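coords31.txt follows (compact mmCIF, C-alpha atoms and all ligand atoms):
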```
# COMPACT_ATOMS: atom_id res chain seq x y z
CA MET A 1 -26.96 -3.53 -24.60
CA LYS A 2 -26.84 -0.20 -26.46
CA SER A 3 -26.44 3.22 -24.89
CA SER A 4 -26.27 6.70 -26.39
CA ILE A 5 -22.65 7.83 -26.49
CA ARG A 6 -22.04 11.52 -25.90
CA GLN A 7 -18.32 11.18 -25.13
CA GLY A 8 -15.61 8.75 -26.08
CA VAL A 9 -13.44 6.96 -23.50
CA LYS A 10 -9.66 6.70 -23.58
CA LEU A 11 -7.67 4.33 -21.40
CA LEU A 12 -4.73 6.55 -20.45
CA ALA A 13 -2.52 4.50 -18.14
CA THR A 14 -2.30 1.60 -15.72
CA GLY A 15 -0.47 0.75 -12.49
CA SER A 16 -0.13 -2.20 -10.15
CA ALA A 17 1.12 -3.26 -6.74
CA VAL A 18 1.72 -6.57 -4.95
CA PRO A 19 2.90 -7.42 -1.42
CA ASP A 20 6.59 -8.22 -0.91
CA LEU A 21 6.05 -11.60 0.72
CA CYS A 22 6.40 -14.34 -1.90
CA ILE A 23 5.08 -17.84 -1.12
CA SER A 24 6.37 -20.62 -3.37
CA ASN A 25 4.57 -23.87 -4.18
CA ASP A 26 7.21 -25.69 -2.15
CA LEU A 27 6.32 -23.62 0.90
CA ILE A 28 2.61 -24.47 0.44
CA SER A 29 3.60 -28.14 0.19
CA ASP A 30 4.83 -27.85 3.79
CA ILE A 31 1.34 -26.79 4.89
CA VAL A 32 -0.96 -29.11 2.88
CA ASP A 33 -0.56 -32.40 1.02
CA THR A 34 0.42 -31.08 -2.41
CA SER A 35 3.51 -30.50 -4.55
CA ASP A 36 5.08 -27.93 -6.82
CA GLU A 37 4.61 -30.38 -9.69
CA TRP A 38 0.86 -30.84 -9.08
CA ILE A 39 0.19 -27.13 -8.66
CA PHE A 40 2.24 -26.07 -11.69
CA ASN A 41 0.89 -28.80 -14.00
CA ARG A 42 -2.74 -28.21 -13.05
CA THR A 43 -2.71 -24.40 -12.83
CA GLY A 44 0.52 -22.83 -14.12
CA ILE A 45 1.15 -21.22 -10.71
CA LYS A 46 4.67 -21.21 -9.24
CA GLU A 47 4.33 -18.62 -6.50
CA ARG A 48 2.01 -15.94 -5.16
CA ARG A 49 2.27 -12.75 -3.05
CA ILE A 50 0.63 -12.62 0.36
CA SER A 51 -0.04 -9.51 2.42
CA SER A 52 0.31 -9.49 6.17
CA SER A 53 -0.84 -5.98 7.05
CA PRO A 54 -4.47 -5.15 7.96
CA THR A 55 -4.28 -2.05 5.73
CA SER A 56 -2.82 -3.87 2.74
CA LEU A 57 -5.93 -3.61 0.55
CA ILE A 58 -5.93 0.18 0.65
CA ASP A 59 -2.12 0.46 0.64
CA MET A 60 -1.83 -1.66 -2.52
CA ALA A 61 -4.80 0.04 -4.19
CA ALA A 62 -3.28 3.46 -3.46
CA LYS A 63 0.16 2.42 -4.73
CA ALA A 64 -1.29 1.05 -7.98
CA SER A 65 -3.46 4.17 -8.40
CA MET A 66 -0.58 6.60 -7.89
CA GLN A 67 1.62 4.61 -10.27
CA ALA A 68 -1.08 4.91 -12.95
CA LEU A 69 -1.76 8.60 -12.24
CA ASP A 70 1.96 9.41 -12.40
CA LYS A 71 1.97 8.26 -16.03
CA THR A 72 -0.69 10.89 -16.89
CA GLN A 73 -1.17 14.66 -16.61
CA ILE A 74 -4.06 14.04 -14.19
CA ASN A 75 -3.60 14.71 -10.50
CA THR A 76 -5.70 13.28 -7.73
CA LEU A 77 -7.82 16.42 -7.38
CA ASP A 78 -8.86 16.10 -11.04
CA LEU A 79 -10.50 12.72 -10.40
CA ASP A 80 -14.31 12.76 -10.62
CA LEU A 81 -14.95 9.12 -9.81
CA ILE A 82 -13.15 6.19 -8.16
CA ILE A 83 -14.51 2.67 -8.56
CA LEU A 84 -12.87 0.01 -6.44
CA ALA A 85 -13.61 -3.55 -7.50
CA THR A 86 -13.00 -5.74 -4.49
CA SER A 87 -14.60 -8.69 -2.75
CA THR A 88 -12.32 -8.41 0.24
CA PRO A 89 -13.11 -4.96 1.65
CA ASN A 90 -11.76 -3.98 5.01
CA ASP A 91 -15.14 -2.42 5.79
CA LEU A 92 -18.43 -4.04 4.81
CA PHE A 93 -19.81 -0.58 4.02
CA GLY A 94 -17.14 -0.26 1.33
CA SER A 95 -13.45 0.58 1.07
CA ALA A 96 -13.35 2.97 -1.90
CA SER A 97 -13.80 5.98 0.37
CA GLN A 98 -10.63 4.99 2.25
CA LEU A 99 -8.78 4.85 -1.05
CA GLN A 100 -10.18 8.27 -1.95
CA ALA A 101 -8.89 9.68 1.35
CA LYS A 102 -5.52 7.93 1.12
CA ILE A 103 -4.69 9.39 -2.31
CA GLY A 104 -6.25 12.78 -1.49
CA ALA A 105 -8.85 12.67 -4.28
CA SER A 106 -11.29 14.72 -2.25
CA LYS A 107 -13.42 15.81 -5.23
CA ALA A 108 -14.10 12.27 -6.43
CA ILE A 109 -17.17 10.23 -5.62
CA ALA A 110 -15.98 6.75 -4.63
CA PHE A 111 -17.75 3.42 -4.35
CA ASP A 112 -17.04 -0.31 -4.37
CA ILE A 113 -18.16 -2.96 -6.83
CA THR A 114 -18.36 -6.51 -5.52
CA ALA A 115 -18.19 -9.01 -8.36
CA ALA A 116 -15.21 -11.18 -7.42
CA CYS A 117 -12.99 -12.09 -10.39
CA SER A 118 -15.27 -10.26 -12.86
CA GLY A 119 -15.06 -7.13 -10.70
CA PHE A 120 -12.49 -5.23 -12.75
CA VAL A 121 -14.32 -5.79 -16.05
CA ILE A 122 -17.64 -4.73 -14.51
CA ALA A 123 -15.99 -1.68 -12.92
CA MET A 124 -14.47 -0.71 -16.29
CA VAL A 125 -17.86 -1.06 -17.97
CA THR A 126 -19.48 1.03 -15.20
CA ALA A 127 -16.82 3.75 -15.50
CA THR A 128 -17.28 3.75 -19.27
CA GLN A 129 -21.03 4.41 -18.89
CA PHE A 130 -20.41 7.42 -16.63
CA ILE A 131 -17.93 8.86 -19.13
CA GLN A 132 -19.85 8.05 -22.29
CA ASN A 133 -23.05 9.67 -20.98
CA GLY A 134 -21.11 12.83 -20.14
CA SER A 135 -21.39 12.65 -16.32
CA TYR A 136 -17.68 12.37 -15.47
CA ALA A 137 -14.40 13.06 -17.26
CA ASN A 138 -11.60 11.53 -15.18
CA VAL A 139 -12.13 8.13 -13.61
CA LEU A 140 -9.87 5.82 -11.62
CA VAL A 141 -10.79 2.13 -11.76
CA VAL A 142 -9.04 -0.21 -9.33
CA GLY A 143 -9.20 -3.98 -8.91
CA ALA A 144 -7.75 -5.05 -5.56
CA ASP A 145 -8.17 -8.15 -3.46
CA VAL A 146 -6.58 -9.84 -0.46
CA LEU A 147 -8.12 -13.29 -0.79
CA SER A 148 -5.34 -14.71 1.40
CA LYS A 149 -7.27 -13.31 4.37
CA TRP A 150 -10.27 -15.48 3.45
CA THR A 151 -8.43 -18.60 2.37
CA ASN A 152 -8.71 -21.85 4.27
CA TRP A 153 -5.03 -22.72 4.54
CA SER A 154 -5.83 -26.33 5.30
CA ASP A 155 -7.86 -26.87 2.09
CA ARG A 156 -5.45 -27.94 -0.65
CA ARG A 157 -8.16 -27.59 -3.32
CA THR A 158 -8.24 -23.81 -2.90
CA CYS A 159 -5.27 -22.53 -0.89
CA ILE A 160 -2.81 -23.25 -3.70
CA LEU A 161 -4.64 -20.88 -6.05
CA PHE A 162 -4.92 -17.45 -4.55
CA GLY A 163 -2.65 -14.45 -4.07
CA ASP A 164 -3.03 -10.76 -3.19
CA GLY A 165 -2.58 -7.73 -5.43
CA ALA A 166 -3.98 -4.54 -6.93
CA GLY A 167 -4.16 -2.99 -10.37
CA ALA A 168 -5.42 0.41 -11.53
CA ALA A 169 -6.50 2.08 -14.75
CA ILE A 170 -7.16 5.73 -15.55
CA LEU A 171 -9.98 6.47 -17.99
CA GLN A 172 -10.64 9.87 -19.49
CA SER A 173 -13.35 11.30 -21.69
CA CYS A 174 -12.42 12.22 -25.25
CA SER A 175 -14.20 12.94 -28.51
CA THR A 176 -16.39 10.09 -29.75
CA VAL A 177 -14.19 9.54 -32.80
CA LYS A 178 -11.28 8.73 -30.49
CA ASN A 179 -13.29 6.29 -28.36
CA ASN A 180 -11.06 3.33 -27.32
CA ILE A 181 -13.56 1.22 -25.38
CA LEU A 182 -15.40 -0.51 -28.18
CA GLY A 183 -17.93 -2.80 -26.53
CA PHE A 184 -18.82 -5.14 -23.71
CA HIS A 185 -20.89 -8.20 -22.83
CA LEU A 186 -21.82 -9.09 -19.22
CA ASN A 187 -23.60 -12.09 -17.66
CA THR A 188 -24.67 -13.45 -14.28
CA ASP A 189 -26.00 -16.85 -13.24
CA GLY A 190 -27.11 -16.52 -9.64
CA GLN A 191 -28.44 -20.11 -9.57
CA LYS A 192 -24.82 -21.20 -9.24
CA PHE A 193 -23.79 -18.77 -6.54
CA ASP A 194 -22.67 -21.58 -4.25
CA GLN A 195 -20.11 -22.99 -6.70
CA LEU A 196 -17.65 -20.40 -5.46
CA ASN A 197 -18.35 -18.25 -2.45
CA ILE A 198 -17.47 -16.88 0.95
CA SER A 199 -20.75 -17.30 2.76
CA CYS A 200 -21.99 -15.48 5.80
CA GLU A 201 -22.91 -17.68 8.77
CA TYR A 202 -25.41 -16.35 11.31
CA SER A 203 -25.54 -17.32 14.94
CA ASN A 204 -28.01 -16.37 17.65
CA PHE A 205 -27.06 -13.95 20.33
CA SER A 206 -29.01 -12.45 23.20
CA ASP A 207 -28.96 -8.84 24.01
CA LYS A 208 -30.86 -6.80 26.60
CA CYS A 209 -32.39 -4.60 23.87
CA ILE A 210 -32.69 -6.81 20.81
CA TYR A 211 -34.06 -10.32 21.09
CA PRO A 212 -33.74 -12.62 19.24
CA GLY A 213 -30.65 -11.31 17.49
CA LEU A 214 -28.49 -12.73 14.74
CA ARG A 215 -24.81 -11.99 14.33
CA GLY A 216 -23.08 -12.49 10.99
CA ASN A 217 -19.66 -13.97 10.47
CA PHE A 218 -18.03 -14.59 7.11
CA LYS A 219 -16.45 -18.01 6.60
CA HIS A 220 -13.72 -18.87 4.12
CA ILE A 221 -13.53 -19.52 0.38
CA THR A 222 -15.26 -22.66 -0.83
CA MET A 223 -15.17 -23.72 -4.47
CA HIS A 224 -16.37 -26.59 -6.65
CA GLY A 225 -13.26 -26.37 -8.83
CA LYS A 226 -14.30 -28.74 -11.59
CA GLU A 227 -17.70 -27.06 -12.02
CA VAL A 228 -16.18 -23.59 -12.12
CA TYR A 229 -13.59 -24.82 -14.60
CA LYS A 230 -16.30 -26.18 -16.92
CA PHE A 231 -18.31 -22.97 -16.59
CA ALA A 232 -15.28 -20.86 -17.51
CA VAL A 233 -14.22 -22.79 -20.58
CA SER A 234 -17.75 -22.88 -21.99
CA LYS A 235 -19.17 -19.44 -21.10
CA VAL A 236 -16.12 -17.19 -21.55
CA PRO A 237 -15.56 -18.03 -25.25
CA GLN A 238 -19.30 -17.46 -25.88
CA SER A 239 -19.15 -14.08 -24.18
CA ILE A 240 -16.08 -13.05 -26.18
CA GLN A 241 -17.58 -14.28 -29.45
CA SER A 242 -20.84 -12.38 -28.79
CA CYS A 243 -18.90 -9.22 -28.04
CA LEU A 244 -16.74 -9.60 -31.17
CA ASN A 245 -19.83 -10.29 -33.29
CA SER A 246 -21.59 -7.19 -31.97
CA LEU A 247 -18.60 -5.14 -33.14
CA ASN A 248 -18.28 -6.98 -36.47
CA LEU A 249 -14.81 -8.12 -35.47
CA SER A 250 -13.32 -11.55 -36.05
CA SER A 251 -11.19 -13.49 -33.58
CA GLU A 252 -8.26 -13.15 -36.04
CA SER A 253 -8.33 -9.39 -35.41
CA VAL A 254 -7.61 -9.89 -31.69
CA ASP A 255 -4.03 -8.95 -30.78
CA TRP A 256 -4.19 -9.91 -27.09
CA LEU A 257 -6.43 -12.15 -25.04
CA LEU A 258 -6.37 -10.85 -21.49
CA LEU A 259 -8.35 -13.22 -19.29
CA HIS A 260 -8.81 -13.39 -15.55
CA GLN A 261 -5.72 -15.26 -14.37
CA ALA A 262 -7.37 -18.31 -12.79
CA ASN A 263 -5.62 -21.24 -14.41
CA ASN A 264 -3.36 -21.54 -17.48
CA ARG A 265 -5.39 -24.51 -18.67
CA ILE A 266 -8.50 -22.27 -18.73
CA LEU A 267 -6.61 -19.53 -20.60
CA ASN A 268 -5.41 -21.99 -23.22
CA ALA A 269 -8.78 -23.74 -23.58
CA VAL A 270 -10.59 -20.42 -24.12
CA ALA A 271 -7.99 -19.31 -26.67
CA SER A 272 -8.19 -22.60 -28.52
CA ARG A 273 -12.01 -22.50 -28.69
CA LEU A 274 -11.75 -19.03 -30.25
CA MET A 275 -8.87 -20.16 -32.48
CA ILE A 276 -6.64 -17.48 -30.98
CA PRO A 277 -2.97 -18.59 -30.98
CA ALA A 278 -1.30 -19.21 -27.60
CA GLU A 279 1.25 -16.42 -28.28
CA LYS A 280 -1.58 -13.89 -28.03
CA VAL A 281 -2.59 -15.00 -24.53
CA ILE A 282 -1.34 -12.79 -21.70
CA SER A 283 -0.40 -14.82 -18.62
CA ASN A 284 1.44 -13.93 -15.44
CA LEU A 285 -0.20 -16.61 -13.28
CA SER A 286 3.12 -18.27 -12.53
CA LYS A 287 4.20 -15.27 -10.40
CA TYR A 288 0.98 -14.16 -8.73
CA GLY A 289 -1.63 -16.94 -8.83
CA ASN A 290 -5.26 -15.92 -8.90
CA THR A 291 -5.55 -12.39 -7.48
CA SER A 292 -9.32 -12.08 -8.15
CA ALA A 293 -10.32 -8.53 -9.17
CA ALA A 294 -6.64 -7.52 -9.39
CA SER A 295 -5.59 -10.18 -11.87
CA ILE A 296 -6.60 -8.47 -15.14
CA PRO A 297 -5.20 -4.99 -14.38
CA LEU A 298 -2.04 -6.55 -12.90
CA ALA A 299 -1.45 -8.53 -16.10
CA LEU A 300 -2.42 -5.55 -18.27
CA ASN A 301 0.01 -3.24 -16.51
CA GLU A 302 2.80 -5.78 -16.79
CA ALA A 303 2.16 -6.33 -20.52
CA LEU A 304 2.18 -2.56 -21.11
CA GLU A 305 5.36 -2.03 -19.08
CA ASP A 306 7.04 -4.90 -20.98
CA LYS A 307 5.97 -3.13 -24.19
CA LYS A 308 4.24 -6.31 -25.37
CA ILE A 309 1.10 -4.34 -26.20
CA LYS A 310 1.65 -1.88 -29.06
CA ASN A 311 -0.24 1.21 -30.19
CA GLY A 312 -3.47 0.29 -31.94
CA ASP A 313 -3.57 -3.28 -30.59
CA LEU A 314 -7.01 -4.81 -30.07
CA ILE A 315 -7.38 -6.30 -26.60
CA VAL A 316 -10.11 -8.62 -25.41
CA MET A 317 -10.45 -8.53 -21.64
CA SER A 318 -12.61 -11.14 -19.95
CA GLY A 319 -13.34 -11.84 -16.29
CA PHE A 320 -15.19 -14.77 -14.74
CA GLY A 321 -15.83 -16.19 -11.31
CA ALA A 322 -18.02 -16.06 -8.24
CA GLY A 323 -21.63 -15.05 -8.64
CA LEU A 324 -21.37 -16.72 -11.05
CA THR A 325 -20.46 -13.70 -13.14
CA TRP A 326 -18.57 -13.32 -16.39
CA GLY A 327 -17.99 -10.51 -18.81
CA THR A 328 -15.94 -9.18 -21.69
CA LEU A 329 -14.69 -5.71 -22.59
CA ILE A 330 -13.00 -5.02 -25.92
CA PHE A 331 -10.73 -2.01 -26.37
CA ARG A 332 -7.89 -0.62 -28.44
CA TRP A 333 -4.74 0.60 -26.78
CA TYR A 334 -3.31 3.98 -27.82
CA GLY A 335 -0.61 4.89 -25.33
O1 LIG A 401 -11.18 -17.18 -9.84
C1 LIG A 401 -12.45 -17.70 -10.09
C2 LIG A 401 -12.46 -18.77 -11.05
N1 LIG A 401 -11.82 -19.95 -10.53
C3 LIG A 401 -11.44 -20.89 -11.36
O2 LIG A 401 -11.59 -20.70 -12.55
C4 LIG A 401 -10.91 -22.21 -10.85
C5 LIG A 401 -11.40 -23.33 -11.73
N2 LIG A 401 -10.97 -24.65 -11.33
C6 LIG A 401 -9.68 -25.05 -11.51
O3 LIG A 401 -8.83 -24.29 -11.93
C7 LIG A 401 -9.36 -26.49 -11.21
O4 LIG A 401 -10.56 -27.21 -11.03
C8 LIG A 401 -8.45 -26.69 -9.94
C9 LIG A 401 -7.05 -26.18 -10.23
C10 LIG A 401 -9.05 -25.96 -8.77
C11 LIG A 401 -8.35 -28.18 -9.62
O5 LIG A 401 -7.83 -28.89 -10.75
P1 LIG A 401 -8.57 -30.20 -11.27
O6 LIG A 401 -7.75 -30.72 -12.39
O7 LIG A 401 -10.01 -29.82 -11.57
O8 LIG A 401 -8.44 -31.19 -10.05
P2 LIG A 401 -9.61 -31.96 -9.28
O9 LIG A 401 -10.31 -31.06 -8.34
O10 LIG A 401 -10.42 -32.74 -10.24
O11 LIG A 401 -8.74 -33.00 -8.45
C12 LIG A 401 -8.00 -34.05 -9.09
C13 LIG A 401 -7.28 -34.85 -8.04
C14 LIG A 401 -8.18 -35.27 -6.88
O12 LIG A 401 -7.71 -36.53 -6.44
P3 LIG A 401 -8.50 -37.88 -6.85
O13 LIG A 401 -9.89 -37.72 -6.37
O14 LIG A 401 -8.42 -37.93 -8.36
O15 LIG A 401 -7.70 -38.96 -6.18
C15 LIG A 401 -7.91 -34.25 -5.81
O16 LIG A 401 -8.11 -34.73 -4.51
O17 LIG A 401 -6.27 -34.03 -7.45
C16 LIG A 401 -6.45 -33.96 -6.03
N3 LIG A 401 -6.06 -32.62 -5.61
C17 LIG A 401 -4.81 -32.31 -5.31
N4 LIG A 401 -3.67 -33.05 -5.28
C18 LIG A 401 -2.54 -32.43 -4.94
C19 LIG A 401 -6.83 -31.53 -5.48
N5 LIG A 401 -6.07 -30.48 -5.10
C20 LIG A 401 -4.82 -30.95 -4.98
C21 LIG A 401 -3.60 -30.35 -4.60
N6 LIG A 401 -2.49 -31.13 -4.60
N7 LIG A 401 -3.51 -29.06 -4.27
```

Can you turn what I pasted into structure tokens?
Ligand code: UT7
Amino acid sequence: MKSSIRQGVKLLATGSAVPDLCISNDLISDIVDTSDEWIFNRTGIKERRISSSPTSLIDMAAKASMQALDKTQINTLDLDLIILATSTPNDLFGSASQLQAKIGASKAIAFDITAACSGFVIAMVTATQFIQNGSYANVLVVGADVLSKWTNWSDRRTCILFGDGAGAAILQSCSTVKNNILGFHLNTDGQKFDQLNISCEYSNFSDKCIYPGLRGNFKHITMHGKEVYKFAVSKVPQSIQSCLNSLNLSSESVDWLLLHQANNRILNAVASRLMIPAEKVISNLSKYGNTSAASIPLALNEALEDKKIKNGDLIVMSGFGAGLTWGTLIFRWYG
């Protein structure tokens, strides 16, 4: 999809935050019939962080945001827009406004994006549109999720996978010649929504004023793992290839493949289909598991802090998951 670009976009800085509580595979093996060996061999996960506080989503999002802002000249009152990608809000009406209040960004408009594990990529694309069309100059994009609160801890097919975390990125407008966000490619297949979801169950209730009434109650994560796996390894390479083609870039020009951290086998399969060497794949799954919308910015921040990513590097970022949704964003890093 093409849009008229009035301003360029620069990714200025990133930040991240995770809860202190670390749950190892061995600990999970005490709860369900599994083992460290099975989990590590099938996913690459060794441990994950789990939050226990009811305010953890906003606390982590705020910590990650402030860490990112502290690396820039921007202060919270300079922010025009905050986009919080989360599928685990602490308020169904949205949680971004709580983040706005917590960091004191009173001049920023704030809203949530719900797109599960593709949430951060879609939020980055959305932020980019607002900057490129000249509407806003300073934008905070956060991916944060606390899937542990929606995990069925007696289902070994899913409970081994997920962890909690938050990651943030600061985007700023710049001249079009200095534009860093080069292109994107997004997809949705709503026919397969039930392959991975947290559905709402309705039950009847009687009330003096409203009859008949229905009350909603969200259940826990359910996933058809094999189907989602097949979807990821077939659709994600196609999305990346389309995005590269639209920019006249080859897969050899990619310096880093930064995929949603769902499963090391998926990361490797996508890289191999694109003929991108394994050394160019960013992975921190072993420490955090699948943190949904947080996984890409968490891994990005870590790779930047470790100085893995160098000035001028070309990064392909791709998210995939519930919806089903998937999407790619290609950018160059200039720190
Ligand atoms: O974040 C959104 C995107 N999500 C994903 O991309 C997840 C995609 N799916 C996956 O990563 C993988 O499908 C899983 C890691 C979830 C599962 O791995 P798998 O290799 O597809 O395993 P499976 O579901 O085919 O199960 C293989 C066997 C089964 O036993 P039988 O039927 O062969 O006897 C399962 O019952 O492994 C069994 N199993 C387990 N065994 C020990 C399933 N979960 C476990 C477990 N521990 N935790």

#### Entry: atom CA of A:Ala61 to atom CA of A:Ser118, straight-line distance in Å
17.1 Å

Chain A residues near ligand LIG 401 (chain A) within 7 Å, closest pair each, using only C-alpha atoms and all ligand atoms, as a Markdown table:
```
| residue | atom | partner | partner_atom | distance |
| --- | --- | --- | --- | --- |
| A:Asp33 | CA | A:LIG401 | N6 | 6.1 |
| A:Thr34 | CA | A:LIG401 | N6 | 3.6 |
| A:Ser35 | CA | A:LIG401 | N6 | 6.0 |
| A:Trp38 | CA | A:LIG401 | C18 | 5.6 |
| A:Ile39 | CA | A:LIG401 | N7 | 6.1 |
| A:Arg42 | CA | A:LIG401 | C9 | 5.5 |
| A:Thr43 | CA | A:LIG401 | C9 | 5.4 |
| A:Cys117 | CA | A:LIG401 | O1 | 5.4 |
| A:Arg156 | CA | A:LIG401 | N7 | 4.3 |
| A:Arg157 | CA | A:LIG401 | N5 | 4.0 |
| A:Thr158 | CA | A:LIG401 | C10 | 6.3 |
| A:Ile160 | CA | A:LIG401 | N7 | 5.9 |
| A:Gly225 | CA | A:LIG401 | O4 | 3.6 |
| A:Lys226 | CA | A:LIG401 | O4 | 4.1 |
| A:Val228 | CA | A:LIG401 | C5 | 4.8 |
| A:Tyr229 | CA | A:LIG401 | C5 | 3.9 |
| A:Ala232 | CA | A:LIG401 | O2 | 6.2 |
| A:Ala262 | CA | A:LIG401 | O2 | 4.9 |
| A:Asn263 | CA | A:LIG401 | O3 | 5.1 |
| A:Asn290 | CA | A:LIG401 | O1 | 6.1 |
| A:Ser292 | CA | A:LIG401 | O1 | 5.7 |
| A:Phe320 | CA | A:LIG401 | C2 | 6.1 |
| A:Gly321 | CA | A:LIG401 | C1 | 3.9 |
| A:Ala322 | CA | A:LIG401 | C1 | 6.1 |
```

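When all atoms listed in the file are used to compute distances to A:Arg273, the closest of the residues A:Thr72, A:Ser234, A:Thr325, A:Ser242 turns out to be A:Ser234.
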
### Who sits within 6 Å of stretch 213-216 of chain A, only C-alpha atoms, same chain under 3 positions skipped, as an MDAnalysis selection string
chainID A and resid 201:205 210

### Task
Compare A:Lys287, A:Lys307, A:His185, A:Arg332 by their minimum atom-to-atom distance to A:Gly165, counting only C-alpha atoms, and give me the closest one.
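With only C-alpha atoms as the atom set, the closest residue is A:Lys287.
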
### Message
Taking all atoms listed in the file into account, name the residue in A:Leu161, A:Leu244, A:Ile5, A:Leu300 that is nearest to A:Ser135.
### Response
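Closest to A:Ser135, using all atoms listed in the file: A:Ile5.
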
Set the distance at 9 Å and use all atoms listed in the file: which residues neighbour A:Leu12 once local chain neighbours fewer than 3 positions away are removed? I'd like the list as a PDB file with C-alpha atoms, in the coordinates of the input.
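See around-v3.pdb below for the written result:
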```
ATOM      1  CA  ALA A  68      -1.080   4.910 -12.950  1.00  0.00           C
ATOM      2  CA  LEU A  69      -1.760   8.600 -12.240  1.00  0.00           C
ATOM      3  CA  LYS A  71       1.970   8.260 -16.030  1.00  0.00           C
ATOM      4  CA  THR A  72      -0.690  10.890 -16.890  1.00  0.00           C
ATOM      5  CA  ALA A 169      -6.500   2.080 -14.750  1.00  0.00           C
ATOM      6  CA  ILE A 170      -7.160   5.730 -15.550  1.00  0.00           C
ATOM      7  CA  LEU A 171      -9.980   6.470 -17.990  1.00  0.00           C
ATOM      8  CA  GLN A 172     -10.640   9.870 -19.490  1.00  0.00           C
ATOM      9  CA  TRP A 333      -4.740   0.600 -26.780  1.00  0.00           C
ATOM     10  CA  TYR A 334      -3.310   3.980 -27.820  1.00  0.00           C
ATOM     11  CA  GLY A 335      -0.610   4.890 -25.330  1.00  0.00           C
TER      12      GLY A 335
END
```

### Message
Can you tell me which residues surround stretch 246-253 of chain A at a distance of at most 8 Å, considering all atoms listed in the file, apart from same-chain residues fewer than 6 positions away, and format the answer as a ChimeraX atom specification?
### Response
/A:182-183,274-276,314

### Task
Take atom CA of A:Thr126 and atom CA of A:His224 and report the distance between them in Å, one decimal.
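That distance, rounded to one decimal, is 29.1 Å.
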
### Query
Of the candidates A:Ala168, A:Val125, A:Ala115, A:Ile50, which one gets nearest to A:Thr291 if we count only C-alpha atoms?
A:Ile50

## Note on the structure
atom CA of A:Ile103 to atom CA of A:Met60 measures 11.4 Å

### Task
Give the answer as one residue: which of A:Asp189, A:Asp30, A:Asp145, A:Glu279 has the shortest atom-to-atom distance to A:Phe162, using only C-alpha atoms?
A:Asp145

### Query
With all atoms listed in the file as the basis for distance, which of A:Gly119, A:Ile113, A:Leu257, A:Ala294 is at the shortest distance from A:Leu147?
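Nearest to A:Leu147: A:Ala294.
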
### Query
If we count all atoms listed in the file, what is near A:Phe120 at a cut-off of 6 Å, once residues fewer than 4 positions away on the same chain are taken out, given as number ranges by chain?
A: 85, 143, 293

### Query
Could you pull the residues within 12 Å of A:Trp150, counting only C-alpha atoms, minus those fewer than 3 positions along the same chain, as a PyMOL selection string?
chain A and resi 50-51+87-90+145-147+153-155+158-159+162-164+197-200+217-222

Put those residues in a file: C-alpha atoms, as a compact mmCIF listing (two decimals), keeping the file's coordinate frame.
```txt
# COMPACT_ATOMS: atom_id res chain seq x y z
CA ILE A 50 0.63 -12.62 0.36
CA SER A 51 -0.04 -9.51 2.42
CA SER A 87 -14.60 -8.69 -2.75
CA THR A 88 -12.32 -8.41 0.24
CA PRO A 89 -13.11 -4.96 1.65
CA ASN A 90 -11.76 -3.98 5.01
CA ASP A 145 -8.17 -8.15 -3.46
CA VAL A 146 -6.58 -9.84 -0.46
CA LEU A 147 -8.12 -13.29 -0.79
CA TRP A 153 -5.03 -22.72 4.54
CA SER A 154 -5.83 -26.33 5.30
CA ASP A 155 -7.86 -26.87 2.09
CA THR A 158 -8.24 -23.81 -2.90
CA CYS A 159 -5.27 -22.53 -0.89
CA PHE A 162 -4.92 -17.45 -4.55
CA GLY A 163 -2.65 -14.45 -4.07
CA ASP A 164 -3.03 -10.76 -3.19
CA ASN A 197 -18.35 -18.25 -2.45
CA ILE A 198 -17.47 -16.88 0.95
CA SER A 199 -20.75 -17.30 2.76
CA CYS A 200 -21.99 -15.48 5.80
CA ASN A 217 -19.66 -13.97 10.47
CA PHE A 218 -18.03 -14.59 7.11
CA LYS A 219 -16.45 -18.01 6.60
CA HIS A 220 -13.72 -18.87 4.12
CA ILE A 221 -13.53 -19.52 0.38
CA THR A 222 -15.26 -22.66 -0.83
```
